[in-house]
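What follows is a single structure, written as structure tokens, with notes after it.
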Amino acid sequence: MKLKTLAFAAALVAASAAQAQGAKLKVGLMLPATGTYAALGTAIENGFRLYVGEQGGKLGGREIEFVKVDDESDPAKATDNVNKLIKRDNVDVLVGTVHSGVAMAMAKVAKDTGTLLLVPNAGADAVTGPMCAPNIFRSSFSNWQPGYAMGEVVAKKGHKNVVTITWKYAAGDESVRGFKEAFEKAGGKVVKELSLPFPNVEFQALLTEIAASKPDAVYTFFAGGGAVKFVKDYAAAGLKKSIPLYGAGFLTDGTLEAQGADADGLLTTLHYADSLGNARDNAFRLAYAKAFKLQPDVYAVQGYDAAQMLGIGLAAVKGDVSKKAEIAAAIEKAKIDSPRGAFSVSKSHNPVQDIYLRQVSGKENKLVSVASKSLADPGRGCKL
Ligand code: BEZ
């Protein structure tokens, strides 16, 4: 190619890059708007929008435009949904989702296409384990984290035999696995692992089995609408009085209005609590309540922090989303100023964070103590 032609081509590339940076940045929000996790999707979107709004609608100097897909928490539709966002809507960045099975499909497409993916909830261990990638980050937790922390708490309480009950999919399986790892390391025994398919809420037969087994305690993972029904059914079966119930904090986060007195006193572990009282959290809670006429929950925090992470990455490249390595490097070295307390990400891009022990009191998950300080997911199988 002649020198003049080369110079012309280079000028064209530079012009189109500049134009792209001036253009709106398209964020593909893939979240559930229907089904048992619908409220979780709304809280994540609210949190994300709150942070973007606080930055004047821009991240890295670029105005943010949202394209939304309801993923219905259905793994069977996940690959089609994420491909629509990437190929039809040409999104620059993907944000999603709540359900671990759907998130794994998103992670596969993100890895194959190199699209930046921020996971604002789904805890699938694989996303920051064997499926980890330079362009995939999580603002939430791994399923292992709250489970592991609760395994230590329940062992310290002196319980020896525990029955677990959850939905049979990655989130439930991995939450129980984390619990069991810590609990059995400390000398306890998981004597029975009960499960039912997601999002089934016919708990009666399994509750009868728990009553017959008479364990010292029960550990559970449920979330959203299913968690509301489980807590109410557990109490209605008379079990709340006789067999202590412990859970990953999703059991009582964003659900207390509907669970009422049946949730009172429950102990759970999570990376957020309603009464942290730090200045960052106080400001966030005030702004969220003002904007949405609702109290925030852990999902809102995770959405807010996903937007913060994107903002940090984009600021480092002045909005040029094609500079993937620089975006990743900026997030990797950042301390994210979260309402949960500041955190950074591990080598596999999962938050290293305090896991709190909380107790339900009225409409709040009140802080009891730090169950596990700076807990990092082991990132097993991640080669980054
Ligand atoms: C999950 O599928 O990973 C999940 C869903 C709701 C709450 C927490 C985790």
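By order of appearance in the structure tokens: chains A, B, ..., then residues from 1 within every chain, and ligands from 1 in the order shown.
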
(Q) Show me which residues line ligand 1, defined as having an atom within 9 Å of a ligand atom where only C-alpha atoms and all ligand atoms count, and present them as number ranges by chain. (A) A: 37, 40, 73, 97-103, 121-125, 141-143, 169-172, 175, 221-224, 248-251, 299

Resulting file, chosen residues, N, CA and C atoms, as an mmCIF file, in the first residue's frame:
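Dumped to out.cif:
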data_model
loop_
_atom_site.group_PDB
_atom_site.id
_atom_site.type_symbol
_atom_site.label_atom_id
_atom_site.label_comp_id
_atom_site.auth_asym_id
_atom_site.auth_seq_id
_atom_site.Cartn_x
_atom_site.Cartn_y
_atom_site.Cartn_z
ATOM 1 N N TYR A 37 -37.261 -13.999 40.778
ATOM 2 C CA TYR A 37 -36.145 -13.070 40.999
ATOM 3 C C TYR A 37 -36.401 -11.667 40.425
ATOM 4 N N LEU A 40 -35.287 -8.675 42.445
ATOM 5 C CA LEU A 40 -33.826 -8.584 42.552
ATOM 6 C C LEU A 40 -33.270 -7.822 41.345
ATOM 7 N N SER A 73 -34.799 -15.423 34.272
ATOM 8 C CA SER A 73 -34.035 -16.424 35.050
ATOM 9 C C SER A 73 -34.132 -17.797 34.395
ATOM 10 N N THR A 97 -26.100 -11.274 35.490
ATOM 11 C CA THR A 97 -27.477 -11.224 35.855
ATOM 12 C C THR A 97 -27.674 -11.716 37.285
ATOM 13 N N VAL A 98 -28.873 -12.199 37.607
ATOM 14 C CA VAL A 98 -29.174 -12.684 38.961
ATOM 15 C C VAL A 98 -28.915 -14.189 39.079
ATOM 16 N N HIS A 99 -29.410 -14.968 38.130
ATOM 17 C CA HIS A 99 -29.431 -16.437 38.223
ATOM 18 C C HIS A 99 -28.100 -17.034 37.736
ATOM 19 N N SER A 100 -27.531 -17.923 38.546
ATOM 20 C CA SER A 100 -26.214 -18.492 38.226
ATOM 21 C C SER A 100 -26.189 -19.219 36.881
ATOM 22 N N GLY A 101 -27.240 -19.967 36.575
ATOM 23 C CA GLY A 101 -27.257 -20.729 35.310
ATOM 24 C C GLY A 101 -27.260 -19.796 34.109
ATOM 25 N N VAL A 102 -27.994 -18.698 34.204
ATOM 26 C CA VAL A 102 -28.047 -17.713 33.116
ATOM 27 C C VAL A 102 -26.685 -17.002 33.017
ATOM 28 N N ALA A 103 -26.102 -16.695 34.174
ATOM 29 C CA ALA A 103 -24.811 -15.988 34.182
ATOM 30 C C ALA A 103 -23.713 -16.826 33.532
ATOM 31 N N ASN A 121 -24.807 -9.889 40.434
ATOM 32 C CA ASN A 121 -25.349 -10.761 41.472
ATOM 33 C C ASN A 121 -24.853 -12.204 41.333
ATOM 34 N N ALA A 122 -25.306 -12.902 40.290
ATOM 35 C CA ALA A 122 -25.138 -14.364 40.209
ATOM 36 C C ALA A 122 -23.805 -14.831 40.782
ATOM 37 N N GLY A 123 -23.889 -15.801 41.720
ATOM 38 C CA GLY A 123 -22.689 -16.211 42.443
ATOM 39 C C GLY A 123 -21.962 -17.407 41.860
ATOM 40 N N ALA A 124 -22.413 -17.932 40.716
ATOM 41 C CA ALA A 124 -21.819 -19.161 40.154
ATOM 42 C C ALA A 124 -20.298 -19.178 40.353
ATOM 43 N N ASP A 125 -19.830 -20.152 41.113
ATOM 44 C CA ASP A 125 -18.395 -20.211 41.415
ATOM 45 C C ASP A 125 -17.566 -20.240 40.132
ATOM 46 N N PHE A 141 -20.499 -11.512 44.749
ATOM 47 C CA PHE A 141 -20.014 -12.548 45.680
ATOM 48 C C PHE A 141 -19.887 -13.840 44.875
ATOM 49 N N SER A 142 -19.222 -14.836 45.431
ATOM 50 C CA SER A 142 -19.335 -16.196 44.868
ATOM 51 C C SER A 142 -20.264 -16.967 45.790
ATOM 52 N N ASN A 143 -20.974 -17.932 45.265
ATOM 53 C CA ASN A 143 -21.899 -18.713 46.099
ATOM 54 C C ASN A 143 -21.193 -19.325 47.301
ATOM 55 N N TYR A 169 -29.737 -26.178 41.760
ATOM 56 C CA TYR A 169 -28.991 -25.589 40.633
ATOM 57 C C TYR A 169 -27.728 -24.980 41.221
ATOM 58 N N ALA A 170 -26.883 -24.420 40.368
ATOM 59 C CA ALA A 170 -25.542 -24.018 40.815
ATOM 60 C C ALA A 170 -25.543 -23.214 42.116
ATOM 61 N N ALA A 171 -26.447 -22.227 42.239
ATOM 62 C CA ALA A 171 -26.403 -21.365 43.428
ATOM 63 C C ALA A 171 -26.638 -22.164 44.707
ATOM 64 N N GLY A 172 -27.685 -23.003 44.701
ATOM 65 C CA GLY A 172 -27.996 -23.803 45.885
ATOM 66 C C GLY A 172 -26.897 -24.814 46.170
ATOM 67 N N SER A 175 -23.702 -23.029 47.399
ATOM 68 C CA SER A 175 -23.867 -22.435 48.717
ATOM 69 C C SER A 175 -23.746 -23.527 49.785
ATOM 70 N N PHE A 221 -30.244 -22.145 51.287
ATOM 71 C CA PHE A 221 -30.155 -21.067 50.302
ATOM 72 C C PHE A 221 -31.481 -20.992 49.552
ATOM 73 N N PHE A 222 -32.203 -19.905 49.740
ATOM 74 C CA PHE A 222 -33.312 -19.518 48.865
ATOM 75 C C PHE A 222 -33.236 -18.009 48.734
ATOM 76 N N ALA A 223 -33.857 -17.473 47.681
ATOM 77 C CA ALA A 223 -33.828 -16.019 47.470
ATOM 78 C C ALA A 223 -35.129 -15.586 46.814
ATOM 79 N N GLY A 224 -35.382 -14.266 46.852
ATOM 80 C CA GLY A 224 -36.549 -13.705 46.157
ATOM 81 C C GLY A 224 -37.859 -14.280 46.676
ATOM 82 N N ALA A 248 -27.744 -18.414 53.909
ATOM 83 C CA ALA A 248 -27.060 -17.335 53.194
ATOM 84 C C ALA A 248 -28.043 -16.169 53.222
ATOM 85 N N GLY A 249 -27.519 -14.938 53.332
ATOM 86 C CA GLY A 249 -28.368 -13.780 53.624
ATOM 87 C C GLY A 249 -29.460 -13.468 52.620
ATOM 88 N N PHE A 250 -29.430 -14.072 51.452
ATOM 89 C CA PHE A 250 -30.491 -13.846 50.458
ATOM 90 C C PHE A 250 -31.846 -14.287 50.994
ATOM 91 N N LEU A 251 -31.806 -15.166 52.000
ATOM 92 C CA LEU A 251 -33.037 -15.674 52.619
ATOM 93 C C LEU A 251 -33.896 -14.536 53.173
ATOM 94 N N TYR A 299 -28.942 -6.322 46.679
ATOM 95 C CA TYR A 299 -28.951 -6.325 45.204
ATOM 96 C C TYR A 299 -28.737 -4.900 44.679
#

Q | All residues 7 Å or closer to region 52-68 of chain A, only C-alpha atoms, same chain fewer than 2 positions away omitted, as a PyMOL selection string | A | chain A and resi 21-30+48-50+70+307+311+314-315+318-319

Could you build a table of the residues in region 147-229 of chain A lying no more than 8 Å from region 269-286 of chain A, giving for each the nearest pair of atoms and their separation in Å rounded to one decimal place, using only C-alpha atoms, ordered by chain and ascending residue number, as a Markdown table?
| residue | atom | partner | partner_atom | distance |
| --- | --- | --- | --- | --- |
| A:Gly147 | CA | A:Thr269 | CA | 7.6 |
| A:Ala149 | CA | A:Thr269 | CA | 6.7 |
| A:Met150 | CA | A:Thr269 | CA | 5.9 |

Would you write out those residues with C-alpha atoms, as a PDB file, in the first residue's frame?
ATOM      1  CA  GLY A 147     -22.011 -20.423  52.697  1.00  0.00           C
ATOM      2  CA  ALA A 149     -18.818 -18.066  56.491  1.00  0.00           C
ATOM      3  CA  MET A 150     -22.042 -19.581  57.843  1.00  0.00           C
TER       4      MET A 150
END

Q | One-decimal distance in Å that lies between CA of Asp233 (chain A) and CA of Glu202 (chain A) | A |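 Between CA of Glu202 (chain A) and CA of Asp233 (chain A) the gap is 9.5 Å.
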
Q.
Excluding Asp216 (chain A) and its own-chain neighbours fewer than 6 positions away, which residues fall within 7 Å of it when counting only C-alpha atoms? Please give them as a list in words.
A. His159, Lys160, Asn161, Val162 and Ile243 of chain A

Q | Test item: residues at most 9 Å from Met106 (chain A), only C-alpha atoms, excluding those fewer than 2 positions along its chain, as number ranges by chain | A | A: 78-79, 81-83, 94, 96-97, 101-104, 108-111, 117

Q: Using only C-alpha atoms, find the one residue out of A:Gly238, A:Pro351, A:Pro130, A:Gly188 that sits nearest to Thr208 (chain A).
A: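 Using only C-alpha atoms, the shortest distance to Thr208 (chain A) belongs to A:Gly238.
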
Q) Where in region 118-343 of chain A does DSSP assign strand (DSSP E or B), given as an MDAnalysis selection string? A) chainID A and resid 118:119 136:138 161:167 189:196 217:221 245:248 267:270 336 343

Q. Skipping near chain neighbours, those fewer than 4 positions away, what residues fall within 7 Å of Cys132 (chain A) using only C-alpha atoms, listed as an NGL selection string?
A. :A and (127-128 or 136 or 348 or 382)

Please save N, CA and C atoms of the selected residues as a short mmCIF file (atom, residue, chain, number, x, y, z; two decimals), in the first residue's frame.
data_model
loop_
_atom_site.label_atom_id
_atom_site.label_comp_id
_atom_site.auth_asym_id
_atom_site.auth_seq_id
_atom_site.Cartn_x
_atom_site.Cartn_y
_atom_site.Cartn_z
N VAL A 127 -17.86 -18.72 37.35
CA VAL A 127 -17.65 -17.44 36.64
C VAL A 127 -16.31 -16.80 37.03
N THR A 128 -15.94 -16.97 38.29
CA THR A 128 -14.61 -16.51 38.70
C THR A 128 -13.75 -17.71 39.11
N ILE A 136 -14.11 -10.39 32.40
CA ILE A 136 -15.28 -10.69 33.24
C ILE A 136 -14.97 -10.31 34.70
N SER A 348 -8.98 -13.57 40.35
CA SER A 348 -9.99 -14.11 39.43
C SER A 348 -11.17 -13.15 39.25
N CYS A 382 -9.35 -21.16 38.12
CA CYS A 382 -9.16 -19.94 37.31
C CYS A 382 -7.68 -19.83 36.93
#

Q: Would you mind telling me which residue in A:Ser213, A:Gln359, A:Val153, A:Leu207 lies nearest to Glu184 (chain A) when using only C-alpha atoms?
A: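 Of all the options, A:Val153 lies closest to Glu184 (chain A).
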
Q) Gly254 (chain A): which residues within 10 Å, counting only C-alpha atoms, same-chain residues fewer than 4 positions away excluded, as a list of chain:residue names? A)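 Once the adjacent positions are removed, what remains is A:Ala39, A:Leu40, A:Ala43, A:Ala223, A:Gly224, A:Gly225, A:Ala227, A:Val228, A:Gly249, A:Phe250, A:Ala258, A:Gln259, A:Gln295, A:Pro296, A:Asp297, A:Val298, A:Tyr299, A:Ala300, A:Lys363, A:Glu364, A:Asn365.
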
Would you put the residues from that selection into a file with all heavy atoms, as a tab-separated table (two decimals), in the first residue's frame?
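Final file, part-v6.tsv:
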chain	number	residue	atom	x	y	z
A	39	ALA	N	-37.86	-8.93	41.56
A	39	ALA	CA	-37.55	-7.79	42.44
A	39	ALA	C	-36.03	-7.59	42.56
A	39	ALA	O	-35.56	-6.46	42.73
A	39	ALA	CB	-38.15	-8.01	43.83
A	40	LEU	N	-35.29	-8.68	42.44
A	40	LEU	CA	-33.83	-8.58	42.55
A	40	LEU	C	-33.27	-7.82	41.35
A	40	LEU	O	-32.38	-6.98	41.46
A	40	LEU	CB	-33.20	-9.98	42.64
A	40	LEU	CG	-33.39	-10.77	43.94
A	40	LEU	CD1	-34.84	-11.01	44.30
A	40	LEU	CD2	-32.62	-12.07	43.90
A	43	ALA	N	-33.95	-4.09	41.73
A	43	ALA	CA	-33.04	-3.43	42.69
A	43	ALA	C	-31.66	-3.22	42.07
A	43	ALA	O	-31.03	-2.17	42.27
A	43	ALA	CB	-32.95	-4.26	43.97
A	223	ALA	N	-33.86	-17.47	47.68
A	223	ALA	CA	-33.83	-16.02	47.47
A	223	ALA	C	-35.13	-15.59	46.81
A	223	ALA	O	-35.89	-16.42	46.29
A	223	ALA	CB	-32.63	-15.65	46.59
A	224	GLY	N	-35.38	-14.27	46.85
A	224	GLY	CA	-36.55	-13.70	46.16
A	224	GLY	C	-37.86	-14.28	46.68
A	224	GLY	O	-38.03	-14.54	47.87
A	225	GLY	N	-38.80	-14.46	45.76
A	225	GLY	CA	-40.14	-14.94	46.12
A	225	GLY	C	-40.10	-16.31	46.80
A	225	GLY	O	-40.88	-16.58	47.72
A	227	ALA	N	-37.76	-17.46	48.76
A	227	ALA	CA	-37.30	-17.28	50.15
A	227	ALA	C	-38.45	-16.82	51.04
A	227	ALA	O	-38.56	-17.25	52.20
A	227	ALA	CB	-36.16	-16.26	50.19
A	228	VAL	N	-39.30	-15.96	50.49
A	228	VAL	CA	-40.46	-15.50	51.28
A	228	VAL	C	-41.30	-16.70	51.67
A	228	VAL	O	-41.64	-16.90	52.85
A	228	VAL	CB	-41.31	-14.48	50.46
A	228	VAL	CG1	-42.62	-14.17	51.19
A	228	VAL	CG2	-40.52	-13.21	50.20
A	249	GLY	N	-27.52	-14.94	53.33
A	249	GLY	CA	-28.37	-13.78	53.62
A	249	GLY	C	-29.46	-13.47	52.62
A	249	GLY	O	-30.37	-12.67	52.93
A	250	PHE	N	-29.43	-14.07	51.45
A	250	PHE	CA	-30.49	-13.85	50.46
A	250	PHE	C	-31.85	-14.29	50.99
A	250	PHE	O	-32.89	-13.86	50.51
A	250	PHE	CB	-30.16	-14.59	49.16
A	250	PHE	CG	-28.73	-14.40	48.76
A	250	PHE	CD1	-27.79	-15.40	48.95
A	250	PHE	CD2	-28.30	-13.17	48.28
A	250	PHE	CE1	-26.46	-15.20	48.64
A	250	PHE	CE2	-26.97	-12.95	47.96
A	250	PHE	CZ	-26.05	-13.97	48.14
A	258	ALA	N	-42.50	-8.88	53.24
A	258	ALA	CA	-43.44	-9.98	52.96
A	258	ALA	C	-43.34	-11.10	53.99
A	258	ALA	O	-44.32	-11.81	54.22
A	258	ALA	CB	-43.16	-10.54	51.56
A	259	GLN	N	-42.19	-11.27	54.62
A	259	GLN	CA	-42.04	-12.39	55.57
A	259	GLN	C	-42.60	-12.05	56.95
A	259	GLN	O	-42.99	-12.95	57.70
A	259	GLN	CB	-40.55	-12.78	55.69
A	259	GLN	CG	-40.05	-13.54	54.47
A	259	GLN	CD	-38.52	-13.56	54.37
A	259	GLN	OE1	-37.84	-12.68	54.91
A	259	GLN	NE2	-37.99	-14.56	53.69
A	295	GLN	N	-36.43	1.14	50.47
A	295	GLN	CA	-35.15	0.92	51.16
A	295	GLN	C	-34.28	0.03	50.26
A	295	GLN	O	-34.77	-0.89	49.63
A	295	GLN	CB	-35.38	0.22	52.50
A	295	GLN	CG	-35.97	1.12	53.57
A	295	GLN	CD	-35.18	2.40	53.78
A	295	GLN	OE1	-33.97	2.35	53.95
A	295	GLN	NE2	-35.86	3.53	53.75
A	296	PRO	N	-32.97	0.31	50.18
A	296	PRO	CA	-32.10	-0.54	49.37
A	296	PRO	C	-31.83	-1.88	50.03
A	296	PRO	O	-32.05	-2.03	51.24
A	296	PRO	CB	-30.81	0.27	49.29
A	296	PRO	CG	-30.79	1.06	50.55
A	296	PRO	CD	-32.23	1.38	50.87
A	297	ASP	N	-31.39	-2.83	49.25
A	297	ASP	CA	-30.97	-4.13	49.78
A	297	ASP	C	-29.63	-4.51	49.15
A	297	ASP	O	-29.03	-3.70	48.44
A	297	ASP	CB	-32.07	-5.20	49.51
A	297	ASP	CG	-32.43	-5.28	48.04
A	297	ASP	OD1	-31.62	-4.86	47.19
A	297	ASP	OD2	-33.53	-5.78	47.73
A	298	VAL	N	-29.20	-5.72	49.39
A	298	VAL	CA	-27.88	-6.13	48.87
A	298	VAL	C	-27.82	-6.05	47.35
A	298	VAL	O	-26.79	-5.72	46.77
A	298	VAL	CB	-27.52	-7.55	49.38
A	298	VAL	CG1	-28.39	-8.62	48.72
A	298	VAL	CG2	-26.04	-7.86	49.15
A	299	TYR	N	-28.94	-6.32	46.68
A	299	TYR	CA	-28.95	-6.32	45.20
A	299	TYR	C	-28.74	-4.90	44.68
A	299	TYR	O	-28.05	-4.70	43.68
A	299	TYR	CB	-30.26	-6.92	44.69
A	299	TYR	CG	-30.56	-8.26	45.34
A	299	TYR	CD1	-31.54	-8.40	46.34
A	299	TYR	CD2	-29.81	-9.38	45.00
A	299	TYR	CE1	-31.77	-9.61	46.96
A	299	TYR	CE2	-30.03	-10.61	45.63
A	299	TYR	CZ	-31.02	-10.71	46.60
A	299	TYR	OH	-31.24	-11.91	47.23
A	300	ALA	N	-29.34	-3.93	45.36
A	300	ALA	CA	-29.16	-2.53	44.97
A	300	ALA	C	-27.69	-2.13	45.12
A	300	ALA	O	-27.12	-1.44	44.26
A	300	ALA	CB	-30.05	-1.63	45.83
A	363	LYS	N	-37.95	-4.94	60.37
A	363	LYS	CA	-37.79	-4.93	58.90
A	363	LYS	C	-36.32	-4.81	58.48
A	363	LYS	O	-36.02	-4.44	57.35
A	363	LYS	CB	-38.59	-3.76	58.30
A	363	LYS	CG	-40.09	-3.85	58.54
A	363	LYS	CD	-40.72	-4.90	57.63
A	363	LYS	CE	-41.97	-5.54	58.17
A	363	LYS	NZ	-43.04	-4.64	58.52
A	364	GLU	N	-35.41	-5.15	59.41
A	364	GLU	CA	-34.00	-4.96	59.10
A	364	GLU	C	-33.16	-6.20	59.35
A	364	GLU	O	-33.43	-6.98	60.28
A	364	GLU	CB	-33.43	-3.82	59.96
A	364	GLU	CG	-33.98	-2.47	59.59
A	364	GLU	CD	-33.02	-1.35	59.95
A	364	GLU	OE1	-32.21	-1.51	60.89
A	364	GLU	OE2	-33.09	-0.30	59.29
A	365	ASN	N	-32.11	-6.36	58.52
A	365	ASN	CA	-31.06	-7.35	58.77
A	365	ASN	C	-29.97	-6.61	59.53
A	365	ASN	O	-29.10	-5.96	58.95
A	365	ASN	CB	-30.52	-7.87	57.44
A	365	ASN	CG	-31.48	-8.82	56.78
A	365	ASN	OD1	-31.65	-9.96	57.22
A	365	ASN	ND2	-32.15	-8.38	55.72

Q: Within 8 Å of Asp305 (chain A), counting only C-alpha atoms, which residues show up once you throw out same-chain ones fewer than 3 positions away? Write them as a list in words, please.
A: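 Here the qualifying residues turn out to be Gly47, Phe48, Pro120, Ser139, Val301, Gln302, Gln308, Met309, Ile336 and Ser338 of chain A.
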
Please produce a file of the residues just selected, as a CSV table (one decimal), in the first residue's frame, where the atoms kept are N, CA and C atoms.
chain,number,residue,atom,x,y,z
A,47,GLY,N,-29.9,0.4,41.5
A,47,GLY,CA,-28.6,0.7,42.0
A,47,GLY,C,-27.7,1.2,40.9
A,48,PHE,N,-27.7,0.5,39.8
A,48,PHE,CA,-26.8,0.9,38.7
A,48,PHE,C,-27.2,2.3,38.2
A,120,PRO,N,-23.6,-8.5,38.4
A,120,PRO,CA,-24.0,-7.7,39.6
A,120,PRO,C,-24.8,-8.6,40.6
A,139,SER,N,-19.3,-7.9,40.8
A,139,SER,CA,-19.4,-6.9,41.9
A,139,SER,C,-20.2,-7.4,43.1
A,301,VAL,N,-27.1,-2.6,46.2
A,301,VAL,CA,-25.6,-2.3,46.4
A,301,VAL,C,-24.8,-2.9,45.3
A,302,GLN,N,-25.1,-4.1,44.9
A,302,GLN,CA,-24.3,-4.8,43.9
A,302,GLN,C,-24.4,-4.1,42.5
A,308,GLN,N,-20.0,1.5,39.5
A,308,GLN,CA,-18.8,2.1,40.0
A,308,GLN,C,-17.6,1.5,39.3
A,309,MET,N,-17.6,0.1,39.2
A,309,MET,CA,-16.5,-0.6,38.6
A,309,MET,C,-16.4,-0.2,37.1
A,336,ILE,N,-12.8,-0.3,45.6
A,336,ILE,CA,-14.2,0.2,45.2
A,336,ILE,C,-14.9,0.6,46.5
A,338,SER,N,-17.5,1.0,48.2
A,338,SER,CA,-18.9,0.4,48.3
A,338,SER,C,-19.6,0.7,49.6

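Residue nearest Leu266 (chain A), chosen from A:Val368, A:Val95, A:Ala306, A:Val360 and counting only C-alpha atoms: A:Val360.
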
Q: Identify, with DSSP run on backbone atoms, the residues in region 36-247 of chain A assigned to alpha helix (DSSP H), and express the list as a ChimeraX atom specification.
A: /A:38-54,75-83,100-113,144-156,170-185,204-213,224-236,239-242
